[in-house]
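Pasting query36.txt here (compact mmCIF, C-alpha atoms (C1' of nucleotides)):
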```txt
# COMPACT_ATOMS: atom_id res chain seq x y z
CA MET A 916 13.47 -12.31 25.07
CA GLU A 917 13.12 -8.89 26.61
CA ALA A 918 13.10 -5.54 24.86
CA THR A 919 16.40 -4.25 26.25
CA GLU A 920 18.17 -7.47 25.44
CA LEU A 921 16.77 -7.56 21.92
CA LEU A 922 17.91 -4.03 21.19
CA LYS A 923 21.43 -4.73 22.35
CA LYS A 924 21.56 -7.96 20.37
CA HIS A 925 20.69 -6.08 17.19
CA ASN A 926 23.04 -3.17 17.78
CA LEU A 927 20.34 -0.61 18.40
CA ARG A 928 20.63 2.10 21.00
CA LYS A 929 18.14 1.82 23.79
CA THR A 930 15.67 4.67 23.71
CA ALA A 931 12.23 5.22 25.19
CA THR A 932 10.47 4.96 21.84
CA ARG A 933 12.24 1.79 20.80
CA THR A 934 11.65 0.08 24.09
CA GLU A 935 7.96 0.89 24.05
CA VAL A 936 7.51 -0.10 20.43
CA LEU A 937 9.28 -3.39 20.97
CA LYS A 938 7.11 -4.13 24.00
CA GLU A 939 4.05 -3.63 21.86
CA TYR A 940 5.30 -6.17 19.35
CA LEU A 941 6.31 -8.61 22.06
CA SER A 942 2.83 -8.60 23.50
CA ALA A 943 0.72 -8.07 20.39
CA GLY A 944 0.75 -11.57 18.91
CA LYS A 945 -0.07 -10.08 15.56
CA ALA A 946 1.34 -7.72 12.99
CA LEU A 947 1.12 -4.00 13.71
CA SER A 948 1.09 -1.12 11.28
CA HIS A 949 2.42 2.35 11.88
CA ALA A 950 -1.11 3.65 12.36
CA GLU A 951 -1.95 0.96 14.89
CA LEU A 952 1.19 1.65 16.86
CA GLU A 953 0.43 5.33 16.86
CA SER A 954 -3.00 4.82 18.32
CA LYS A 955 -1.73 2.30 20.87
CA LEU A 956 1.07 4.52 22.09
CA GLY A 957 -1.03 7.65 22.14
CA GLU A 958 0.53 11.03 21.68
CA HIS A 959 3.70 10.21 23.59
CA PHE A 960 5.75 9.48 20.52
CA ASP A 961 6.43 11.38 17.37
CA ARG A 962 4.93 10.11 14.12
CA VAL A 963 8.20 10.47 12.26
CA THR A 964 10.20 8.76 14.97
CA LEU A 965 7.78 5.87 14.80
CA TYR A 966 8.38 5.50 11.06
CA ARG A 967 12.11 5.58 11.60
CA THR A 968 11.91 3.11 14.44
CA LEU A 969 10.01 0.63 12.31
CA ASN A 970 12.44 1.01 9.44
CA SER A 971 15.52 0.44 11.55
CA PHE A 972 13.89 -2.51 13.30
CA GLU A 973 13.25 -4.07 9.93
CA GLU A 974 16.72 -3.30 8.67
CA LYS A 975 18.32 -4.84 11.73
CA GLY A 976 16.24 -7.99 11.57
CA LEU A 977 13.97 -7.42 14.54
CA LEU A 978 10.80 -7.08 12.51
CA HIS A 979 9.71 -8.29 9.12
CA LYS A 980 7.12 -6.88 6.80
CA VAL A 981 3.64 -8.31 6.63
CA TYR A 982 1.56 -6.93 3.82
CA ASP A 983 -1.75 -7.52 2.19
CA GLU A 984 -4.08 -6.50 -0.59
CA THR A 985 -5.04 -3.29 1.17
CA GLY A 986 -1.55 -1.91 0.67
CA THR A 987 -1.11 -1.51 4.42
CA VAL A 988 2.37 -2.51 5.47
CA ARG A 989 2.51 -4.06 8.90
CA PHE A 990 5.42 -5.52 10.80
CA SER A 991 5.80 -8.61 12.90
CA LEU A 992 8.50 -9.94 15.21
CA CYS A 993 11.20 -12.00 13.59
CA SER A 994 12.41 -15.27 14.95
CA ASP A 995 15.60 -15.35 16.99
CA HIS A 996 18.00 -16.07 14.18
CA CYS A 997 17.20 -13.02 12.04
CA ASP A 998 19.69 -10.19 11.88
CA VAL A 999 21.00 -7.48 9.54
CA SER A 1000 22.54 -9.92 7.12
CA SER A 1001 19.78 -12.48 6.91
CA HIS A 1002 16.07 -12.34 7.33
CA GLU A 1003 14.61 -15.82 7.20
CA ASP A 1004 10.95 -15.14 7.63
CA ASP A 1005 9.90 -18.11 5.61
CA HIS A 1006 6.48 -18.81 7.01
CA VAL A 1007 2.95 -18.32 5.73
CA HIS A 1008 0.90 -15.35 6.88
CA PHE A 1009 -2.79 -15.02 7.47
CA HIS A 1010 -4.82 -11.92 6.79
CA CYS A 1011 -8.39 -11.52 7.99
CA THR A 1012 -10.32 -9.55 5.42
CA LYS A 1013 -12.96 -8.66 7.98
CA CYS A 1014 -11.01 -7.21 10.92
CA GLY A 1015 -7.92 -6.50 8.86
CA ASN A 1016 -5.54 -8.17 11.31
CA SER A 1017 -2.60 -10.22 10.14
CA TYR A 1018 -0.77 -13.04 11.87
CA CYS A 1019 2.25 -15.19 11.27
CA LEU A 1020 1.42 -18.86 10.92
CA ASP A 1021 3.74 -21.60 12.07
CA LEU A 1022 3.78 -23.07 8.61
CA PRO A 1023 6.71 -23.16 6.21
CA ILE A 1024 6.36 -21.89 2.66
CA PRO A 1025 6.03 -24.87 0.32
CA GLU A 1026 8.70 -25.53 -2.28
CA MET A 1027 8.14 -24.67 -5.92
CA ASN A 1028 9.91 -24.70 -9.22
CA LEU A 1029 10.36 -21.05 -10.07
CA PRO A 1030 11.67 -19.96 -13.48
CA LYS A 1031 15.44 -20.31 -13.63
CA ASP A 1032 15.99 -16.94 -15.26
CA LEU A 1033 14.72 -15.13 -12.18
CA MET A 1034 17.01 -14.61 -9.20
CA ILE A 1035 14.77 -15.35 -6.24
CA ASN A 1036 15.66 -13.99 -2.82
CA ASP A 1037 12.60 -14.84 -0.81
CA VAL A 1038 9.00 -15.85 -1.16
CA TYR A 1039 6.10 -14.20 0.59
CA MET A 1040 2.77 -15.88 1.15
CA VAL A 1041 -0.54 -14.77 2.65
CA ALA A 1042 -3.70 -16.72 3.09
CA ASN A 1043 -6.71 -14.41 3.04
CA GLY A 1044 -9.87 -15.29 4.89
CA ILE A 1045 -11.88 -14.83 8.06
CA CYS A 1046 -10.24 -15.33 11.44
CA LYS A 1047 -11.65 -17.33 14.32
CA THR A 1048 -12.91 -14.26 16.17
CA CYS A 1049 -14.63 -12.75 13.14
CA GLN A 1050 -16.29 -16.08 12.28
CA ARG A 1051 -18.16 -15.97 15.58
CA ALA A 1052 -19.16 -12.33 15.28
CA MET B 1451 -9.61 -10.27 -26.50
CA GLU B 1452 -10.13 -6.64 -27.33
CA ALA B 1453 -10.90 -3.77 -25.01
CA THR B 1454 -14.44 -3.12 -26.25
CA GLU B 1455 -15.33 -6.77 -26.10
CA LEU B 1456 -13.91 -7.16 -22.60
CA LEU B 1457 -15.87 -4.21 -21.29
CA LYS B 1458 -19.13 -5.54 -22.66
CA LYS B 1459 -18.42 -9.01 -21.32
CA HIS B 1460 -18.02 -7.60 -17.82
CA ASN B 1461 -21.01 -5.29 -17.95
CA LEU B 1462 -19.05 -2.10 -18.01
CA ARG B 1463 -20.03 0.90 -20.09
CA LYS B 1464 -17.57 1.78 -22.78
CA THR B 1465 -15.92 5.09 -22.07
CA ALA B 1466 -12.74 6.74 -23.29
CA THR B 1467 -10.93 6.30 -19.99
CA ARG B 1468 -11.85 2.66 -19.63
CA THR B 1469 -10.88 1.80 -23.16
CA GLU B 1470 -7.50 3.47 -22.83
CA VAL B 1471 -6.77 1.95 -19.46
CA LEU B 1472 -7.69 -1.50 -20.68
CA LYS B 1473 -5.45 -1.11 -23.69
CA GLU B 1474 -2.57 -0.30 -21.39
CA TYR B 1475 -3.11 -3.48 -19.44
CA LEU B 1476 -3.54 -5.55 -22.59
CA SER B 1477 -0.17 -4.41 -23.89
CA ALA B 1478 1.77 -3.98 -20.67
CA GLY B 1479 2.60 -7.60 -19.88
CA LYS B 1480 3.10 -6.63 -16.27
CA ALA B 1481 1.19 -5.21 -13.35
CA LEU B 1482 0.49 -1.48 -13.38
CA SER B 1483 -0.16 0.81 -10.44
CA HIS B 1484 -2.32 3.88 -10.44
CA ALA B 1485 0.77 6.09 -10.54
CA GLU B 1486 2.22 4.21 -13.49
CA LEU B 1487 -1.03 4.49 -15.42
CA GLU B 1488 -1.20 8.17 -14.68
CA SER B 1489 2.21 8.80 -16.13
CA LYS B 1490 1.56 6.58 -19.14
CA LEU B 1491 -1.73 8.23 -19.99
CA GLY B 1492 -0.47 11.72 -19.40
CA GLU B 1493 -2.82 14.48 -18.37
CA HIS B 1494 -5.69 13.30 -20.49
CA PHE B 1495 -7.48 11.52 -17.70
CA ASP B 1496 -8.57 12.55 -14.27
CA ARG B 1497 -6.75 11.10 -11.29
CA VAL B 1498 -9.99 10.27 -9.50
CA THR B 1499 -11.53 8.66 -12.55
CA LEU B 1500 -8.46 6.47 -12.82
CA TYR B 1501 -8.88 5.29 -9.25
CA ARG B 1502 -12.52 4.55 -9.88
CA THR B 1503 -11.74 2.78 -13.12
CA LEU B 1504 -9.26 0.48 -11.42
CA ASN B 1505 -11.68 -0.29 -8.64
CA SER B 1506 -14.54 -1.18 -10.91
CA PHE B 1507 -12.25 -3.26 -13.12
CA GLU B 1508 -11.20 -5.22 -10.09
CA GLU B 1509 -14.73 -5.59 -8.81
CA LYS B 1510 -15.94 -6.86 -12.16
CA GLY B 1511 -13.15 -9.37 -12.50
CA LEU B 1512 -11.12 -7.71 -15.24
CA LEU B 1513 -8.11 -7.01 -13.07
CA HIS B 1514 -6.72 -8.54 -9.93
CA LYS B 1515 -4.51 -6.98 -7.29
CA VAL B 1516 -0.78 -7.54 -7.29
CA TYR B 1517 0.92 -6.27 -4.20
CA ASP B 1518 4.34 -6.31 -2.65
CA GLU B 1519 6.42 -5.30 0.32
CA THR B 1520 6.52 -1.66 -0.78
CA GLY B 1521 2.82 -1.29 -0.11
CA THR B 1522 2.19 -0.32 -3.71
CA VAL B 1523 -0.94 -1.93 -5.03
CA ARG B 1524 -0.77 -2.78 -8.69
CA PHE B 1525 -3.25 -4.52 -10.93
CA SER B 1526 -2.89 -7.16 -13.57
CA LEU B 1527 -5.20 -8.65 -16.17
CA CYS B 1528 -7.31 -11.57 -15.06
CA SER B 1529 -7.69 -14.73 -17.05
CA ASP B 1530 -10.80 -15.21 -19.16
CA HIS B 1531 -12.92 -17.00 -16.62
CA CYS B 1532 -12.85 -14.30 -13.94
CA ASP B 1533 -15.97 -12.25 -13.32
CA VAL B 1534 -17.87 -10.45 -10.57
CA SER B 1535 -18.72 -13.60 -8.70
CA SER B 1536 -15.42 -15.42 -8.88
CA HIS B 1537 -11.87 -14.28 -9.14
CA GLU B 1538 -9.59 -17.25 -9.58
CA ASP B 1539 -6.22 -15.60 -9.75
CA ASP B 1540 -4.43 -18.53 -8.26
CA HIS B 1541 -0.96 -18.14 -9.66
CA VAL B 1542 2.36 -17.06 -8.23
CA HIS B 1543 3.60 -13.51 -8.76
CA PHE B 1544 7.08 -12.20 -9.18
CA HIS B 1545 8.32 -8.89 -7.89
CA CYS B 1546 11.66 -7.42 -8.90
CA THR B 1547 13.11 -5.56 -5.95
CA LYS B 1548 15.39 -3.59 -8.22
CA CYS B 1549 13.08 -2.12 -10.88
CA GLY B 1550 9.94 -2.56 -8.82
CA ASN B 1551 8.01 -4.29 -11.59
CA SER B 1552 5.68 -7.17 -10.90
CA TYR B 1553 4.57 -9.97 -13.19
CA CYS B 1554 2.17 -12.87 -13.09
CA LEU B 1555 3.88 -16.23 -13.39
CA ASP B 1556 2.29 -19.21 -15.08
CA LEU B 1557 2.68 -21.26 -11.96
CA PRO B 1558 -0.10 -22.49 -9.69
CA ILE B 1559 0.01 -21.84 -5.97
CA PRO B 1560 1.08 -25.04 -4.20
CA GLU B 1561 -1.30 -26.79 -1.86
CA MET B 1562 -0.85 -26.54 1.91
CA ASN B 1563 -2.51 -27.62 5.10
CA LEU B 1564 -3.79 -24.41 6.62
CA PRO B 1565 -5.22 -24.34 10.15
CA LYS B 1566 -8.80 -25.62 10.14
CA ASP B 1567 -10.12 -22.85 12.37
CA LEU B 1568 -9.39 -20.24 9.70
CA MET B 1569 -11.80 -19.74 6.84
CA ILE B 1570 -9.54 -19.35 3.82
CA ASN B 1571 -10.82 -17.62 0.71
CA ASP B 1572 -7.69 -17.31 -1.36
CA VAL B 1573 -3.94 -17.47 -1.14
CA TYR B 1574 -1.58 -14.86 -2.48
CA MET B 1575 2.05 -15.54 -3.26
CA VAL B 1576 4.95 -13.40 -4.47
CA ALA B 1577 8.49 -14.42 -5.16
CA ASN B 1578 10.85 -11.49 -4.62
CA GLY B 1579 14.10 -11.22 -6.50
CA ILE B 1580 15.85 -9.70 -9.48
CA CYS B 1581 14.30 -9.93 -12.93
CA LYS B 1582 16.10 -10.95 -16.10
CA THR B 1583 16.54 -7.37 -17.30
CA CYS B 1584 17.91 -6.08 -14.02
CA GLN B 1585 20.34 -8.99 -13.75
CA ARG B 1586 22.03 -7.85 -16.93
CA ALA B 1587 22.12 -4.19 -15.92
C1' DC C 498 32.76 12.60 32.14
C1' DA C 499 33.66 14.38 27.64
C1' DT C 500 32.73 13.50 23.15
C1' DA C 501 31.33 11.57 18.81
C1' DT C 502 27.57 9.62 16.86
C1' DA C 503 22.94 8.49 16.56
C1' DA C 504 18.04 9.38 17.63
C1' DT C 505 14.43 12.60 18.27
C1' DG C 506 10.91 16.29 17.45
C1' DA C 507 8.94 19.73 14.71
C1' DA C 508 7.68 21.84 10.45
C1' DA C 509 6.95 21.55 5.88
C1' DC C 510 6.04 18.98 2.09
C1' DT C 511 4.83 15.08 -1.25
C1' DT C 512 2.28 11.30 -2.50
C1' DT C 513 -1.66 8.51 -2.30
C1' DG C 514 -6.32 7.77 -1.80
C1' DT C 515 -11.35 9.35 -0.76
C1' DT C 516 -15.83 12.02 -0.76
C1' DG C 517 -19.48 15.06 -2.43
C1' DC C 518 -21.61 17.20 -6.03
C1' DA C 519 -22.69 19.23 -10.41
C1' DT C 520 -22.19 18.03 -15.24
C1' DT C 521 -21.78 15.01 -18.97
C1' DT C 522 -22.11 10.64 -21.30
C1' DA C 523 -23.70 5.91 -22.46
C1' DC C 524 -27.13 2.83 -23.11
C1' DT C 525 -32.17 1.57 -23.21
C1' DT C 526 -36.83 2.17 -24.59
C1' DT C 527 -40.05 3.85 -27.38
C1' DA D 683 -33.72 8.99 -33.96
C1' DA D 684 -35.02 11.38 -29.62
C1' DA D 685 -35.87 11.15 -24.74
C1' DG D 686 -35.06 9.49 -20.29
C1' DT D 687 -32.42 7.29 -16.74
C1' DA D 688 -28.70 5.55 -14.64
C1' DA D 689 -23.88 5.64 -14.56
C1' DA D 690 -19.37 7.85 -15.30
C1' DT D 691 -16.70 11.92 -15.20
C1' DG D 692 -14.21 16.15 -13.54
C1' DC D 693 -13.31 19.21 -10.04
C1' DA D 694 -12.54 20.81 -5.48
C1' DA D 695 -11.69 19.80 -1.08
C1' DC D 696 -10.18 16.77 2.11
C1' DA D 697 -7.79 12.91 4.62
C1' DA D 698 -4.24 9.72 5.26
C1' DA D 699 0.37 8.03 4.68
C1' DG D 700 5.06 8.75 4.17
C1' DT D 701 9.43 11.67 3.52
C1' DT D 702 12.99 15.30 4.13
C1' DT D 703 15.54 18.76 6.51
C1' DC D 704 17.56 20.53 10.37
C1' DA D 705 18.26 21.98 14.98
C1' DT D 706 18.23 19.78 19.50
C1' DT D 707 18.82 16.05 22.72
C1' DA D 708 20.28 11.58 24.30
C1' DT D 709 23.19 7.34 24.14
C1' DA D 710 27.14 4.71 24.40
C1' DT D 711 32.12 4.49 24.31
C1' DG D 712 36.85 5.53 25.42
```
The structure in this file should be written as structure tokens.
Amino acid sequence: MEATELLKKHNLRKTATRTEVLKEYLSAGKALSHAELESKLGEHFDRVTLYRTLNSFEEKGLLHKVYDETGTVRFSLCSDHCDVSSHEDDHVHFHCTKCGNSYCLDLPIPEMNLPKDLMINDVYMVANGICKTCQRA
Amino acid sequence: MEATELLKKHNLRKTATRTEVLKEYLSAGKALSHAELESKLGEHFDRVTLYRTLNSFEEKGLLHKVYDETGTVRFSLCSDHCDVSSHEDDHVHFHCTKCGNSYCLDLPIPEMNLPKDLMINDVYMVANGICKTCQRA
DNA sequence: CATATAATGAAACTTTGTTGCATTTACTTT
DNA sequence: AAAGTAAATGCAACAAAGTTTCATTATATG
């Protein structure tokens, strides 16, 4: 789906920043952090606006958080059926400890028997290792 | 095991900061972040020393990282058999999205078929939800 | 096209984490 | 037990990451 269409679908006003940011995610094929976005988009966009853009994208179900042991929070495109009321980003993530990149894997999170006294909303899972590219290098 | 004993076992010099920090972890029963430690220990210990303490504890296999969607990195006590050469912290974690606390669960990480072209070192898993205490409140 | 509402940009600030260096402390060896 | 060495500490300065406030500008809707 295209940027403009995606924004409308999620009830977000179309602005220059949002369109550009969304395009980055649509073409990236991996999770992007605030810092990465900032360096990709150069000086054209305000730091603070970028933070706010990411937050509203997450809130509205366009992006979901991808995090790892470094404490860096990245974001990645959600699947079509995510929206404000339900994020269903129930797939495994991969984090390369060499290049630091993170990707969504097309792999569902396995079932488990979690303690009954905990109210579970969602489960997050990352496999840490070395990606294809870094294995060659 | 006691603080002094644990330090010796992991080839760490016994210092006031390390002993105190270890005691906190031994009694906490949950993961603690740098900020939490700082407020628990008051002004007695240097911020930087605390960072360095946590890092060396992790490196030596005394603590392992516990992280969540907020980007806060916490640490939690490792089991007995962890050391410099092998961390085997292969259990599921729980993160309460209300109070922000994180705990280790006594639950192994389920097996999966990960893509063969990725070199996997370890898998991290967090269940997000509301803890027992916060459910009552 | 006027208007209400939302998004932006800029400045200031807070929090979090790191680096370099001089001083102090812990452990080893004698 | 004293000396020597290697490691840990404390401090200052810095760097990075994230937040808040508020005035200005832009978007979408009637």
The residues within 12 Å of (14.0, -14.7, 11.0), using all atoms listed in the file and the coordinates of the file, should be reported as a list of chain:residue names; which are they? A:Glu973, A:Glu974, A:Lys975, A:Gly976, A:Leu977, A:Leu978, A:His979, A:Lys980, A:Ser991, A:Leu992, A:Cys993, A:Ser994, A:Asp995, A:His996, A:Cys997, A:Asp998, A:Val999, A:Ser1000, A:Ser1001, A:His1002, A:Glu1003, A:Asp1004, A:Asp1005, A:His1006, A:Cys1019, A:Asp1037
Polymer residues at most 8 Å from range 511-522 of chain C, only C-alpha atoms (C1' of nucleotides), same-chain spacing of 4 or more positions, as a count of residues only: 8
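Reported to one decimal place, the separation of C1' of DT505 in chain C from CA of Thr964 in chain A is 6.6 Å.
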Distance cut-off 10 Å, counting only C-alpha atoms (C1' of nucleotides) - which residues of chain C neighbour chain A? Return them as an NGL selection string. :C and (503-507)
How would the residues just picked look written out with C-alpha atoms (C1' of nucleotides) as a compact mmCIF listing (two decimals), in the coordinates of the input?
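What ended up in selection06.txt:
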```txt
# COMPACT_ATOMS: atom_id res chain seq x y z
C1' DA C 503 22.94 8.49 16.56
C1' DA C 504 18.04 9.38 17.63
C1' DT C 505 14.43 12.60 18.27
C1' DG C 506 10.91 16.29 17.45
C1' DA C 507 8.94 19.73 14.71
```
How far is it from C1' of DA695 in chain D to CA of Val1523 in chain B, in Å with one decimal? 24.6 Å
Here CA of Ser1552 in chain B and CA of Val1516 in chain B stand apart by 7.4 Å
Spatial neighbours of range 1563-1566 of chain B, max dist 12 Å, only C-alpha atoms (C1' of nucleotides), sep filter under 3 positions, as a short mmCIF file (atom, residue, chain, number, x, y, z; two decimals) with C-alpha atoms, in the frame of the given file:
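Final output, saved to result30.cif:
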```cif
data_model
loop_
_atom_site.label_atom_id
_atom_site.label_comp_id
_atom_site.auth_asym_id
_atom_site.auth_seq_id
_atom_site.Cartn_x
_atom_site.Cartn_y
_atom_site.Cartn_z
CA HIS A 1006 6.48 -18.81 7.01
CA VAL A 1007 2.95 -18.32 5.73
CA HIS A 1008 0.90 -15.35 6.88
CA PHE A 1009 -2.79 -15.02 7.47
CA CYS A 1019 2.25 -15.19 11.27
CA LEU A 1020 1.42 -18.86 10.92
CA ASP A 1021 3.74 -21.60 12.07
CA LEU A 1022 3.78 -23.07 8.61
CA PRO A 1023 6.71 -23.16 6.21
CA ILE A 1024 6.36 -21.89 2.66
CA PRO A 1025 6.03 -24.87 0.32
CA VAL A 1041 -0.54 -14.77 2.65
CA ALA A 1042 -3.70 -16.72 3.09
CA ASN A 1043 -6.71 -14.41 3.04
CA GLY A 1044 -9.87 -15.29 4.89
CA ILE A 1045 -11.88 -14.83 8.06
CA CYS A 1046 -10.24 -15.33 11.44
CA LYS A 1047 -11.65 -17.33 14.32
CA PRO B 1560 1.08 -25.04 -4.20
CA MET B 1569 -11.80 -19.74 6.84
CA ILE B 1570 -9.54 -19.35 3.82
CA ASN B 1571 -10.82 -17.62 0.71
CA ASP B 1572 -7.69 -17.31 -1.36
CA VAL B 1573 -3.94 -17.47 -1.14
#
```
May I have the centre and edge lengths, in Å to one decimal, of an axis-aligned box around the listed atoms of range 979-998 of chain A with 5 Å added to every side, as lines of an AutoDock Vina configuration file?
```
center_x = 7.3
center_y = -8.8
center_z = 8.2
size_x = 34.7
size_y = 24.6
size_z = 27.6
```
